[in-house]
Every structure is written in structure tokens, then in C-alpha cells.
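See below for structure_1.csv, which holds CSV, C-alpha atoms and all ligand atoms.
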```csv
chain,number,residue,atom,x,y,z
A,1,MET,CA,0.0,0.0,0.0
A,2,ALA,CA,1.3,3.4,-0.9
A,3,GLU,CA,2.2,5.5,2.0
A,4,VAL,CA,-0.2,8.4,2.7
A,5,ILE,CA,1.6,11.7,2.6
A,6,ASN,CA,0.6,13.9,5.5
A,7,PRO,CA,-0.7,17.2,4.2
A,8,VAL,CA,1.3,19.2,6.8
A,9,ILE,CA,4.2,20.7,4.9
A,10,PRO,CA,6.9,22.4,6.9
A,11,ASN,CA,6.7,26.1,6.1
A,12,ARG,CA,9.8,28.2,6.7
A,13,ALA,CA,7.8,31.2,7.5
A,14,ASP,CA,6.5,29.4,10.6
A,15,ASP,CA,9.9,28.2,11.7
A,16,ASP,CA,9.8,30.2,14.9
A,17,LYS,CA,6.3,29.0,15.9
A,18,TYR,CA,6.4,25.3,15.2
A,19,VAL,CA,8.8,22.4,15.5
A,20,TYR,CA,8.2,19.9,12.7
A,21,PHE,CA,9.3,16.4,13.3
A,22,HIS,CA,8.8,12.9,12.0
A,23,SER,CA,6.5,10.7,14.0
A,24,GLY,CA,6.7,7.2,12.6
A,25,SER,CA,6.2,7.8,8.9
A,26,LYS,CA,4.3,11.0,9.3
A,27,VAL,CA,5.4,14.6,9.4
A,28,THR,CA,3.9,16.3,12.3
A,29,TYR,CA,4.5,19.5,14.3
A,30,ARG,CA,4.3,20.9,17.7
A,31,LYS,CA,3.8,24.6,18.6
A,32,ILE,CA,6.8,26.0,20.4
A,33,ALA,CA,5.8,27.5,23.8
A,34,GLU,CA,5.4,31.2,23.5
A,35,LYS,CA,8.8,32.9,24.0
A,36,PRO,CA,9.4,33.1,27.7
A,37,THR,CA,7.6,36.4,28.6
A,38,SER,CA,8.6,36.6,32.2
A,39,PHE,CA,11.7,36.7,34.4
A,40,THR,CA,13.8,33.6,34.9
A,41,SER,CA,16.0,34.8,37.8
A,42,ILE,CA,15.8,37.3,40.6
A,43,PRO,CA,17.9,40.5,40.1
A,44,THR,CA,20.4,41.7,42.7
A,45,ILE,CA,20.5,45.4,43.6
A,46,ASP,CA,23.5,46.9,45.4
A,47,ILE,CA,22.3,49.6,47.8
A,48,ALA,CA,25.7,50.4,49.3
A,49,ASP,CA,25.2,54.0,48.2
A,50,ILE,CA,21.7,54.4,49.6
A,51,ASP,CA,23.0,57.2,51.9
A,52,SER,CA,25.0,58.9,49.2
A,53,GLU,CA,24.9,62.7,49.3
A,54,SER,CA,24.3,62.7,45.6
A,55,LEU,CA,20.6,62.6,44.7
A,56,GLU,CA,21.6,61.3,41.3
A,57,VAL,CA,23.3,58.3,42.8
A,58,ARG,CA,20.2,57.6,45.0
A,59,LYS,CA,18.0,58.0,41.9
A,60,GLN,CA,20.1,55.3,40.1
A,61,ILE,CA,19.4,52.8,42.9
A,62,ALA,CA,15.7,53.9,42.7
A,63,SER,CA,15.6,53.2,39.0
A,64,ARG,CA,17.0,49.7,39.4
A,65,ILE,CA,14.4,49.0,42.1
A,66,TYR,CA,11.7,50.3,39.8
A,67,ASP,CA,12.7,47.8,37.1
A,68,ALA,CA,13.0,44.9,39.5
A,69,CYS,CA,9.6,45.6,41.1
A,70,HIS,CA,7.9,46.1,37.8
A,71,ASN,CA,9.3,43.1,36.1
A,72,VAL,CA,9.7,40.6,38.9
A,73,GLY,CA,8.3,41.9,42.2
A,74,PHE,CA,11.4,40.5,43.9
A,75,PHE,CA,15.0,41.4,44.2
A,76,TYR,CA,18.1,40.7,46.4
A,77,VAL,CA,19.3,43.6,48.5
A,78,LYS,CA,23.1,43.6,48.5
A,79,ASN,CA,25.1,45.7,51.0
A,80,HIS,CA,22.0,46.4,53.1
A,81,GLY,CA,24.2,47.6,56.0
A,82,ILE,CA,22.9,45.3,58.7
A,83,PRO,CA,26.1,44.3,60.5
A,84,LYS,CA,27.2,40.7,60.0
A,85,HIS,CA,27.5,40.0,63.7
A,86,ILE,CA,23.9,40.9,64.2
A,87,VAL,CA,22.8,38.7,61.3
A,88,ASP,CA,24.9,35.8,62.8
A,89,SER,CA,23.6,36.3,66.3
A,90,THR,CA,20.0,36.4,64.9
A,91,PHE,CA,20.4,33.0,63.3
A,92,GLU,CA,21.9,31.7,66.6
A,93,ILE,CA,18.8,32.8,68.6
A,94,LEU,CA,16.5,31.5,65.8
A,95,LYS,CA,18.0,28.0,66.3
A,96,ARG,CA,18.0,28.3,70.0
A,97,PHE,CA,14.4,29.4,70.2
A,98,PHE,CA,13.0,26.7,68.0
A,99,SER,CA,14.9,24.0,69.8
A,100,LEU,CA,13.4,25.0,73.1
A,101,ASP,CA,10.9,22.5,74.6
A,102,LEU,CA,7.3,23.0,73.3
A,103,GLU,CA,6.0,24.1,76.7
A,104,THR,CA,8.4,27.1,76.8
A,105,LYS,CA,7.3,28.1,73.3
A,106,LEU,CA,3.6,27.5,73.9
A,107,ASP,CA,3.8,30.0,76.8
A,108,ALA,CA,3.6,32.6,74.0
A,109,HIS,CA,1.0,30.7,71.9
A,110,VAL,CA,-0.6,32.9,69.3
A,111,GLN,CA,-4.0,31.9,70.7
A,112,LYS,CA,-3.2,33.8,73.8
A,113,ASN,CA,-2.6,37.1,72.0
A,114,PRO,CA,-5.4,39.2,70.7
A,115,ALA,CA,-3.3,40.7,67.9
A,116,ILE,CA,-2.5,37.2,66.6
A,117,ARG,CA,1.1,37.3,67.4
A,118,GLY,CA,3.3,34.8,69.2
A,119,TYR,CA,4.2,31.2,68.6
A,120,GLU,CA,2.6,28.9,66.0
A,121,PRO,CA,3.4,25.2,66.3
A,122,MET,CA,4.0,22.9,63.3
A,123,LEU,CA,1.0,22.6,60.8
A,124,GLU,CA,-1.0,25.4,62.5
A,125,THR,CA,-1.4,27.3,59.2
A,126,ARG,CA,-2.4,25.9,55.9
A,127,LEU,CA,-1.9,28.2,52.9
A,128,ASP,CA,-2.4,25.4,50.4
A,129,PRO,CA,-5.7,23.6,51.0
A,130,ARG,CA,-4.4,20.4,49.4
A,131,THR,CA,-1.9,19.9,52.2
A,132,LYS,CA,-2.1,18.8,55.8
A,133,GLY,CA,-0.7,22.2,56.8
A,134,ASP,CA,2.4,24.3,56.4
A,135,ILE,CA,5.4,22.3,57.6
A,136,LYS,CA,6.9,25.1,59.7
A,137,GLU,CA,7.0,26.6,63.1
A,138,ALA,CA,6.7,30.4,63.4
A,139,PHE,CA,6.9,33.2,65.9
A,140,THR,CA,5.5,36.6,65.1
A,141,MET,CA,6.0,40.0,66.7
A,142,GLY,CA,5.5,43.5,65.4
A,143,ASP,CA,4.7,47.1,66.0
A,144,CYS,CA,3.7,48.0,69.5
A,145,VAL,CA,3.4,51.5,70.9
A,146,MET,CA,3.9,50.2,74.4
A,147,GLU,CA,7.2,48.2,74.2
A,148,PRO,CA,10.1,50.5,75.1
A,149,GLU,CA,12.4,48.9,72.6
A,150,GLN,CA,10.2,50.6,69.9
A,151,ASP,CA,10.5,54.1,71.3
A,152,TYR,CA,7.1,55.3,70.1
A,153,THR,CA,7.5,58.7,71.6
A,154,GLY,CA,11.0,59.2,70.2
A,155,LYS,CA,9.8,58.3,66.7
A,156,THR,CA,6.5,60.2,66.7
A,157,GLY,CA,7.0,62.9,69.2
A,158,LEU,CA,3.7,61.8,70.8
A,159,PRO,CA,2.8,60.1,74.1
A,160,PRO,CA,1.6,56.5,73.6
A,161,PRO,CA,-2.2,56.6,72.6
A,162,PRO,CA,-4.2,56.2,75.9
A,163,ASN,CA,-6.6,53.7,74.4
A,164,ILE,CA,-3.9,51.1,74.0
A,165,THR,CA,-3.4,49.5,77.3
A,166,LYS,CA,-2.3,45.9,76.4
A,167,PRO,CA,1.0,45.0,74.7
A,168,GLN,CA,0.5,43.8,71.1
A,169,ASN,CA,3.2,41.2,71.4
A,170,ILE,CA,3.5,38.1,73.6
A,171,TRP,CA,6.9,36.8,74.7
A,172,PRO,CA,7.8,33.4,76.3
A,173,ARG,CA,8.5,34.1,79.9
A,174,ASN,CA,11.3,31.6,80.2
A,175,ALA,CA,13.4,32.7,77.2
A,176,PRO,CA,14.3,36.3,77.7
A,177,PHE,CA,17.1,36.0,75.2
A,178,TRP,CA,14.4,35.8,72.5
A,179,ARG,CA,12.8,39.2,73.0
A,180,GLU,CA,16.2,40.8,73.4
A,181,GLY,CA,17.7,39.1,70.3
A,182,LEU,CA,14.8,39.7,68.0
A,183,TYR,CA,14.7,43.4,68.9
A,184,GLN,CA,18.4,43.7,68.1
A,185,TYR,CA,17.5,42.7,64.5
A,186,TYR,CA,14.2,44.6,64.4
A,187,ASN,CA,15.9,47.8,65.3
A,188,GLN,CA,18.2,47.3,62.3
A,189,VAL,CA,15.7,46.1,59.7
A,190,LEU,CA,13.0,48.7,60.4
A,191,PRO,CA,15.4,51.7,59.7
A,192,LEU,CA,16.6,49.9,56.6
A,193,ALA,CA,13.0,49.5,55.4
A,194,MET,CA,12.3,53.2,56.1
A,195,LYS,CA,15.3,54.1,53.9
A,196,LEU,CA,13.7,51.9,51.2
A,197,VAL,CA,10.4,53.8,51.6
A,198,ARG,CA,12.3,56.9,50.5
A,199,ILE,CA,14.0,55.2,47.6
A,200,PHE,CA,10.6,53.9,46.4
A,201,ALA,CA,9.3,57.4,46.3
A,202,LEU,CA,12.3,58.4,44.1
A,203,ALA,CA,11.5,55.4,41.9
A,204,PHE,CA,8.2,57.1,41.0
A,205,HIS,CA,10.0,60.5,40.4
A,206,LEU,CA,8.3,61.8,43.5
A,207,PRO,CA,10.0,63.8,46.2
A,208,GLU,CA,12.0,61.5,48.4
A,209,THR,CA,10.0,62.3,51.5
A,210,GLU,CA,6.6,61.8,49.7
A,211,PHE,CA,5.6,58.7,51.6
A,212,ASP,CA,7.1,59.7,55.0
A,213,GLN,CA,3.8,60.9,56.4
A,214,MET,CA,2.3,57.4,55.7
A,215,PHE,CA,5.0,55.6,57.7
A,216,LYS,CA,5.1,57.5,61.0
A,217,PHE,CA,4.6,54.4,63.1
A,218,PRO,CA,3.8,51.7,60.5
A,219,ILE,CA,2.3,48.3,60.9
A,220,THR,CA,5.1,45.8,61.0
A,221,GLY,CA,5.4,42.1,61.4
A,222,MET,CA,8.5,40.1,62.0
A,223,ARG,CA,8.1,36.4,61.6
A,224,ALA,CA,10.7,33.9,62.7
A,225,LEU,CA,10.4,30.7,60.7
A,226,TYR,CA,11.7,27.2,61.1
A,227,TYR,CA,11.2,24.7,58.3
A,228,PRO,CA,12.3,21.1,59.0
A,229,PRO,CA,13.2,19.2,55.9
A,230,THR,CA,10.1,18.4,53.8
A,231,PRO,CA,10.2,14.7,53.0
A,232,ALA,CA,11.5,14.5,49.4
A,233,ASP,CA,9.6,11.3,48.6
A,234,GLY,CA,6.3,12.3,50.3
A,235,ASP,CA,3.3,14.0,48.9
A,236,SER,CA,4.4,16.4,46.2
A,237,HIS,CA,2.0,19.0,47.6
A,238,ASN,CA,4.1,19.1,50.8
A,239,VAL,CA,5.2,22.6,51.4
A,240,GLY,CA,6.9,24.6,54.2
A,241,LEU,CA,4.7,27.5,53.2
A,242,GLY,CA,2.0,27.3,50.5
A,243,ALA,CA,1.9,29.6,47.5
A,244,HIS,CA,0.9,33.1,48.5
A,245,SER,CA,1.5,36.8,47.9
A,246,ASP,CA,2.4,38.9,50.9
A,247,PHE,CA,0.0,41.0,52.8
A,248,SER,CA,2.4,43.9,53.3
A,249,TRP,CA,3.7,47.0,51.5
A,250,ILE,CA,7.1,45.4,51.1
A,251,THR,CA,8.8,42.4,52.8
A,252,LEU,CA,12.4,42.0,53.6
A,253,VAL,CA,13.4,38.3,54.1
A,254,LEU,CA,16.6,37.2,55.9
A,255,GLN,CA,17.2,33.6,54.8
A,256,ASP,CA,20.0,31.3,55.9
A,257,ALA,CA,22.1,29.2,53.5
A,258,VAL,CA,19.4,26.6,52.8
A,259,PRO,CA,17.6,27.1,49.5
A,260,ALA,CA,13.8,26.7,49.6
A,261,LEU,CA,12.2,29.9,48.4
A,262,GLU,CA,10.5,29.8,45.0
A,263,VAL,CA,8.9,32.6,43.1
A,264,LEU,CA,6.2,32.2,40.4
A,265,ASN,CA,6.7,34.0,37.2
A,266,GLN,CA,4.0,35.2,34.7
A,267,ASP,CA,4.5,32.1,32.6
A,268,GLY,CA,3.5,29.9,35.5
A,269,VAL,CA,7.1,28.7,36.1
A,270,TRP,CA,8.6,28.5,39.6
A,271,ILE,CA,11.9,30.3,39.7
A,272,ASP,CA,14.3,29.5,42.5
A,273,ALA,CA,15.4,32.3,44.8
A,274,PRO,CA,18.4,30.6,46.5
A,275,PRO,CA,20.2,32.4,49.3
A,276,GLN,CA,22.8,34.8,48.2
A,277,PRO,CA,25.4,35.5,50.9
A,278,ASN,CA,25.0,38.8,52.8
A,279,THR,CA,21.8,39.8,51.1
A,280,LEU,CA,18.1,40.2,52.0
A,281,VAL,CA,15.3,39.3,49.7
A,282,CYS,CA,12.9,42.2,49.1
A,283,ASN,CA,9.5,41.7,47.6
A,284,VAL,CA,6.4,43.7,46.8
A,285,GLY,CA,3.3,43.1,48.9
A,286,GLN,CA,-0.4,43.6,48.2
A,287,TYR,CA,-0.5,47.2,49.5
A,288,LEU,CA,2.2,48.4,47.2
A,289,GLU,CA,0.5,46.5,44.3
A,290,ARG,CA,-2.7,48.4,45.0
A,291,GLN,CA,-0.9,51.7,45.3
A,292,THR,CA,0.8,51.2,42.0
A,293,ASN,CA,-2.3,49.9,40.2
A,294,GLY,CA,-0.5,46.6,39.7
A,295,LYS,CA,2.6,48.1,38.1
A,296,PHE,CA,4.5,46.5,40.9
A,297,PRO,CA,3.0,43.0,41.3
A,298,ALA,CA,2.8,41.2,44.6
A,299,THR,CA,4.5,38.2,43.2
A,300,VAL,CA,3.4,34.7,44.4
A,301,HIS,CA,6.0,32.6,46.2
A,302,ARG,CA,6.2,29.5,48.3
A,303,VAL,CA,8.8,27.6,50.4
A,304,ARG,CA,9.7,24.0,49.9
A,305,ASN,CA,12.6,22.7,51.9
A,306,LYS,CA,13.8,19.6,50.0
A,307,THR,CA,17.4,19.8,51.1
A,308,GLY,CA,17.2,17.4,54.0
A,309,LEU,CA,18.6,20.3,56.2
A,310,GLU,CA,16.8,22.5,58.7
A,311,ARG,CA,16.0,26.0,57.3
A,312,TYR,CA,15.5,29.2,59.2
A,313,SER,CA,14.3,32.5,57.9
A,314,LEU,CA,13.1,35.9,59.2
A,315,PRO,CA,10.8,37.9,57.0
A,316,PHE,CA,10.0,41.5,58.1
A,317,PHE,CA,6.7,42.9,56.7
A,318,LEU,CA,6.3,46.6,56.4
A,319,THR,CA,2.9,48.2,55.9
A,320,MET,CA,2.0,51.8,56.3
A,321,ASP,CA,0.3,53.4,59.3
A,322,PRO,CA,-3.1,51.8,60.0
A,323,ASP,CA,-5.0,55.2,59.7
A,324,VAL,CA,-3.8,55.8,56.2
A,325,ASP,CA,-6.4,55.9,53.4
A,326,LEU,CA,-4.6,54.3,50.5
A,327,GLY,CA,-5.6,54.9,46.9
A,328,VAL,CA,-3.8,54.2,43.6
A,329,MET,CA,-1.1,56.9,42.9
A,330,ASP,CA,-1.9,59.2,40.0
A,331,CYS,CA,1.5,58.6,38.5
A,332,CYS,CA,0.7,54.9,38.1
A,333,ILE,CA,-2.5,55.4,36.0
A,334,GLU,CA,-1.7,55.4,32.4
A,335,ASP,CA,-3.7,57.4,29.9
A,336,GLY,CA,-7.0,55.6,29.3
A,337,GLU,CA,-6.5,53.4,32.3
A,338,GLU,CA,-8.8,53.2,35.3
A,339,PRO,CA,-7.7,52.6,38.9
A,340,LYS,CA,-8.0,48.8,39.4
A,341,PHE,CA,-8.3,49.2,43.2
A,342,GLU,CA,-10.7,51.3,45.3
A,343,LYS,CA,-9.4,53.5,48.1
A,344,ILE,CA,-9.2,51.6,51.3
A,345,ASN,CA,-8.2,52.2,54.9
A,346,VAL,CA,-5.0,50.4,55.6
A,347,GLY,CA,-5.8,49.2,59.1
A,348,ASP,CA,-9.3,48.1,58.2
A,349,LEU,CA,-8.2,46.1,55.2
A,350,TYR,CA,-5.5,44.6,57.4
A,351,ILE,CA,-7.9,43.2,60.0
A,352,ARG,CA,-10.3,42.0,57.2
A,353,ARG,CA,-7.4,39.8,55.8
A,354,VAL,CA,-5.8,38.7,59.0
A,355,LEU,CA,-8.8,37.5,60.9
A,356,PRO,CA,-10.3,35.2,58.1
A,357,ALA,CA,-6.8,33.7,57.7
A,358,ARG,CA,-7.0,32.6,61.3
A,359,ASP,CA,-10.6,31.6,61.8
A,360,LYS,CA,-9.9,29.4,64.9
A,361,HIS,CA,-8.2,32.3,66.7
A,362,PRO,CA,-10.2,33.7,69.7
A,363,THR,CA,-10.2,37.2,68.2
A,364,SER,CA,-11.7,35.8,65.0
A,365,ILE,CA,-14.3,33.8,67.0
A,366,ARG,CA,-15.1,36.9,69.1
A,367,TYR,CA,-16.0,39.0,66.0
A,368,LYS,CA,-17.4,36.3,63.8
A,369,ASP,CA,-21.0,37.6,64.1
A,370,VAL,CA,-19.9,41.2,63.3
A,371,PRO,CA,-20.2,41.9,59.6
A,372,GLN,CA,-16.8,42.2,58.0
A,373,ASP,CA,-17.3,45.7,56.8
A,374,GLN,CA,-17.6,46.8,60.4
A,375,TRP,CA,-14.3,45.3,61.5
A,376,LYS,CA,-12.0,48.1,62.4
A,377,TYR,CA,-8.3,47.9,63.0
A,378,ASP,CA,-8.8,48.8,66.7
A,379,LEU,CA,-10.4,45.5,67.3
A,380,LEU,CA,-6.9,44.0,67.1
A,381,LEU,CA,-5.7,46.4,69.8
A,382,SER,CA,-8.2,45.6,72.4
B,1,LIG,O1,10.8,31.7,54.5
B,1,LIG,C1,10.9,32.4,53.5
B,1,LIG,O2,11.9,32.5,52.8
B,1,LIG,C2,9.7,33.3,53.0
B,1,LIG,C3,8.6,33.3,54.0
B,1,LIG,C4,7.4,34.0,53.4
B,1,LIG,O3,7.2,34.1,52.2
B,1,LIG,C5,6.4,34.6,54.3
B,1,LIG,O4,6.5,34.4,55.5
B,1,LIG,O5,5.5,35.3,53.8
B,2,FE,FE,5.7,35.5,51.8
```

Translate the structure of the given file into C-alpha cells.
Ligand SMILES: O=C(O)CCC(=O)C(=O)O
Ligand SMILES: [Fe+2]
Amino acid sequence: MAEVINPVIPNRADDDKYVYFHSGSKVTYRKIAEKPTSFTSIPTIDIADIDSESLEVRKQIASRIYDACHNVGFFYVKNHGIPKHIVDSTFEILKRFFSLDLETKLDAHVQKNPAIRGYEPMLETRLDPRTKGDIKEAFTMGDCVMEPEQDYTGKTGLPPPPNITKPQNIWPRNAPFWREGLYQYYNQVLPLAMKLVRIFALAFHLPETEFDQMFKFPITGMRALYYPPTPADGDSHNVGLGAHSDFSWITLVLQDAVPALEVLNQDGVWIDAPPQPNTLVCNVGQYLERQTNGKFPATVHRVRNKTGLERYSLPFFLTMDPDVDLGVMDCCIEDGEEPKFEKINVGDLYIRRVLPARDKHPTSIRYKDVPQDQWKYDLLLS
């Protein structure tokens, strides 16, 4: 029998769209995936000159940050200025804290704290509903007008607000090194983040101090994380932290030498963000995404620790003051474009995201019958 000639004829004009190949006796073809449209690595930005007296030099850093945030939503911060001995001692206390006995850590259980801060044991959160839970332990602290380490009056020139009578953080009573050590790092990373706030203003060709009035005493969260090795041969959905974008303005992550962080690009490909020595990872959060009308995407990421080693990390989340009403910046709306996000109150949006994410927490249970649009940030403070 004569062989049937397949009517598909390779066409040179289509060479860049299709691969033609023989399959058995037939000529056939396959469409080449669209050219990669998105990033394939995470850029590094050296900020050694962030304090330069030259505005031009500072603008150059800002311009690189603009490109990284626009194209990727993530970048490594090199020469961030946090002394190495503080980074080293921070990892020492992270290891020391998470290896404490459970009872000592549970003394500061997140369920005991109205602001949903404190210690979260293994599997307590579940960002990916296909999993048993996130394979990590965590401890969160953040902004608090009452804790002397944060010097509210020094920063704002105001006495602490009289309506706040309970500390927002909870600390394990039998591990005083933990509060002391975390504050050592906190009081380095917060000023660094505030320098970045100014550089971000420059990135939009705005006066450097444009955002200052939004960050007088910002909402912060610092989350110590311990990820044991995720079993390599187990369920492929196993994750240290399920895929998510950050609920912050920006996040600065201190990670140790164990690779596990992965960032999702627009083509749906997971890109590794392995540790680079002496850097922090900076990423765009949902508030900045809103403010920029999506020009800076809050890029999705996850943590999978497949190395067989224990991993520690310490993200610092910066969000503006809770009383700010945040809209899309005019400079981010192109001709003919509409704002994609409505104006919101920063603190109210915060509580409306934080409580549903922890629906078993006593604060969530307390307000479960109150309609969400009546949840005010102050509920977290009482
Ligand atoms: O552990 C990390 O490297 C990142 C953690 C993270 O993405 C988060 O806590 O939001
Ligand atoms: Fe994150």
C-alpha cells in the first residue's frame, strides 16, 4: 500500500512558531511554547550608596528598584548595611528558640494574644488547602506602641495613645534572650525598610519624603520561621509555606544558606530564589501592588525545603500606618487606564485579611458575628 503523505508541509515562515518532526512515517508538528515572557532569575541590587549625598546616585538605585519591582516583584538587596555580627547572632537565637521545649514556646502561643502574634506550632497554618498544613513553626512579633524597645515617643514625638493598654506582642517568659535578640535585629531592619520607603518614592520620580507621612509608626510584622526538611519522597504537595503573595507593602526576608524559596513568574514557572550570601530578599506586597495599580506586582511565592537540612528565615513585613487611606497613585495610572483598586483604609483592610486567615483564633471567633465591613483595626488592639 502506498504511504499516505501527510498534508502538513513544513513552512519556513513558521519556523519560529512550530517544530516539525517525523513521527513514525508522518510529518507532524508541535507549537513552540510562547517565548518566555517573564523573568527567569531574581535580580540583585546593590544599595551600598543608599545614603550617598548625591541625589543622582540615589536615583540610580531607585531606577533599578523600579525595574526589578515592575518586572519581577522580587530582588536581592546587597550591601544592606545590617552588621554581619547581628545577622549571625540572629540566626543563633532562631536556632536556640525553635529547639526549646514545646511548653516554653507555647507559653507565648498565638491563641493567647489578641493581635494574633506569638508562637505557632507545626502545621498550625495551611496556605495550600491540598496539604495537611504548612510544615513550619513560626513566631511573630510586630509594631507595638507600648514596648520601650520601639521608642514610640522618640519616633513620633507623641505620648503613647491612651486607648492602647495591652502590649500587642507576647513573649515566652522563660526565654528572655528571644525578645532581646529579636529586637536587636528589628531595630536594624526597620530603619533599613524606612530608607527603602524613600527610595521607592524616588523610583516614581516623587520627592524623596513623599511617603514619609504614611509611615510615622507603621504596621510591622517580623516572623521567625523554622522549616524542618520536607520529605522528598512524600506527597508532592508538601510545602513549608504554601503559595501566596504577601499582605504587606514590602517584605524583607533574611534567609539562611538553605535554598527553599521559589517565586512564580508570569509564565507559571517556579523560579528559585536561592540564598545569596550577605543579602536580604525584598518583595512587593499587596498594599504596594494596590498603590501602583498593579505596576509592581505582589508576586506569588512558596517555600519547599527539600534539602534534608533545617532552614531558618526571618521575614520582616512593612505596611504603612493603620490610619492611612490608600488609593492608587496618579502617576501609576496610564492614559485611558482606570484605577483597578478602590481607596481603602490600611488598618481596616489589614484586619479583614488577618482574621479570616486565622478563623480558629479567639479574636476571629469573638467577632465572627460582626459583619466584616464593620471590622475596624482597633479590634486587634483591644
Ligand atoms: O521563608 C521564606 O523564605 C519566606 C517566607 C514568606 O514568604 C512569608 O512568611 O510570607
Ligand atoms: Fe511571603

### Long-range neighbours of Gly327 of chain A as an MDAnalysis selection string, 8 Å cut-off, all atoms listed in the file, 4 positions minimum in chain
chainID A and resid 290:291 341:344

### Task
Measuring atom to atom with all atoms listed in the file, identify which of A:Ile135, A:Ala62, A:Leu261, A:Val346 is nearest to Pro322 of chain A.
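Among the listed residues, the smallest separation from Pro322 of chain A belongs to A:Val346.
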
#### Entry: Computed interatomic separation between atom CA of Tyr186 of chain A and atom CA of Gln286 of chain A (Å)
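Separation of atom CA of Tyr186 of chain A and atom CA of Gln286 of chain A: 21.8 Å.
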
### Task
Would you list the contacts of segment 78-82 of chain A as a list in words, taking every protein, DNA or RNA residue within 6 Å and counting only C-alpha atoms, but skipping same-chain residues closer than 4 positions in sequence?
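What passes the distance filter is Ile45, Asp46, Ile47, Ala48 and Thr279 of chain A.
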
Just want the 10 Å neighbourhood of Gln266 of chain A, counted on only C-alpha atoms, with same-chain residues fewer than 6 positions away dropped. Output as a short mmCIF file (atom, residue, chain, number, x, y, z; two decimals) with C-alpha atoms, in the frame of the given file.
```
data_model
loop_
_atom_site.label_atom_id
_atom_site.label_comp_id
_atom_site.auth_asym_id
_atom_site.auth_seq_id
_atom_site.Cartn_x
_atom_site.Cartn_y
_atom_site.Cartn_z
CA PRO A 36 9.40 33.10 27.70
CA THR A 37 7.60 36.40 28.60
CA SER A 38 8.60 36.60 32.20
CA PHE A 39 11.70 36.70 34.40
CA THR A 40 13.80 33.60 34.90
CA ASN A 71 9.30 43.10 36.10
CA VAL A 72 9.70 40.60 38.90
CA THR A 299 4.50 38.20 43.20
CA VAL A 300 3.40 34.70 44.40
#
```

### Task
May I have the residues within 9 Å of ligand FE 2 (chain B), computed using all atoms listed in the file, as a VMD selection string?
chain A and resid 241 243 to 247 251 253 283 285 300 to 303 315 317

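The gap separating atom CA of Tyr227 of chain A from atom CA of Gly242 of chain A is 12.3 Å, in Å to one decimal.
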
### Task
Can you work out the spacing between atom CA of Tyr312 of chain A and atom CA of Glu137 of chain A in Å, to one decimal?
9.7 Å

Can you give me N, CA and C atoms for segment 341-354 of chain A, written as a CSV table (one decimal), in the frame of the given file?
```csv
chain,number,residue,atom,x,y,z
A,341,PHE,N,-8.1,49.4,41.8
A,341,PHE,CA,-8.3,49.2,43.2
A,341,PHE,C,-9.0,50.4,43.8
A,342,GLU,N,-10.0,50.2,44.7
A,342,GLU,CA,-10.7,51.3,45.3
A,342,GLU,C,-9.8,51.8,46.5
A,343,LYS,N,-10.1,53.0,46.9
A,343,LYS,CA,-9.4,53.5,48.1
A,343,LYS,C,-9.8,52.7,49.3
A,344,ILE,N,-8.9,52.4,50.1
A,344,ILE,CA,-9.2,51.6,51.3
A,344,ILE,C,-8.4,52.2,52.5
A,345,ASN,N,-9.0,51.9,53.7
A,345,ASN,CA,-8.2,52.2,54.9
A,345,ASN,C,-7.3,51.1,55.2
A,346,VAL,N,-6.0,51.4,55.4
A,346,VAL,CA,-5.0,50.4,55.6
A,346,VAL,C,-5.3,49.5,56.7
A,347,GLY,N,-5.6,50.0,57.9
A,347,GLY,CA,-5.8,49.2,59.1
A,347,GLY,C,-7.0,48.3,58.9
A,348,ASP,N,-8.1,48.9,58.3
A,348,ASP,CA,-9.3,48.1,58.2
A,348,ASP,C,-9.2,46.9,57.2
A,349,LEU,N,-8.4,47.2,56.1
A,349,LEU,CA,-8.2,46.1,55.2
A,349,LEU,C,-7.3,45.0,55.9
A,350,TYR,N,-6.4,45.5,56.7
A,350,TYR,CA,-5.5,44.6,57.4
A,350,TYR,C,-6.3,43.6,58.3
A,351,ILE,N,-7.2,44.1,59.1
A,351,ILE,CA,-7.9,43.2,60.0
A,351,ILE,C,-8.9,42.3,59.1
A,352,ARG,N,-9.3,42.8,58.0
A,352,ARG,CA,-10.3,42.0,57.2
A,352,ARG,C,-9.5,40.9,56.5
A,353,ARG,N,-8.2,40.9,56.4
A,353,ARG,CA,-7.4,39.8,55.8
A,353,ARG,C,-6.9,38.9,56.9
A,354,VAL,N,-6.5,39.5,58.0
A,354,VAL,CA,-5.8,38.7,59.0
A,354,VAL,C,-6.8,37.8,59.8
```
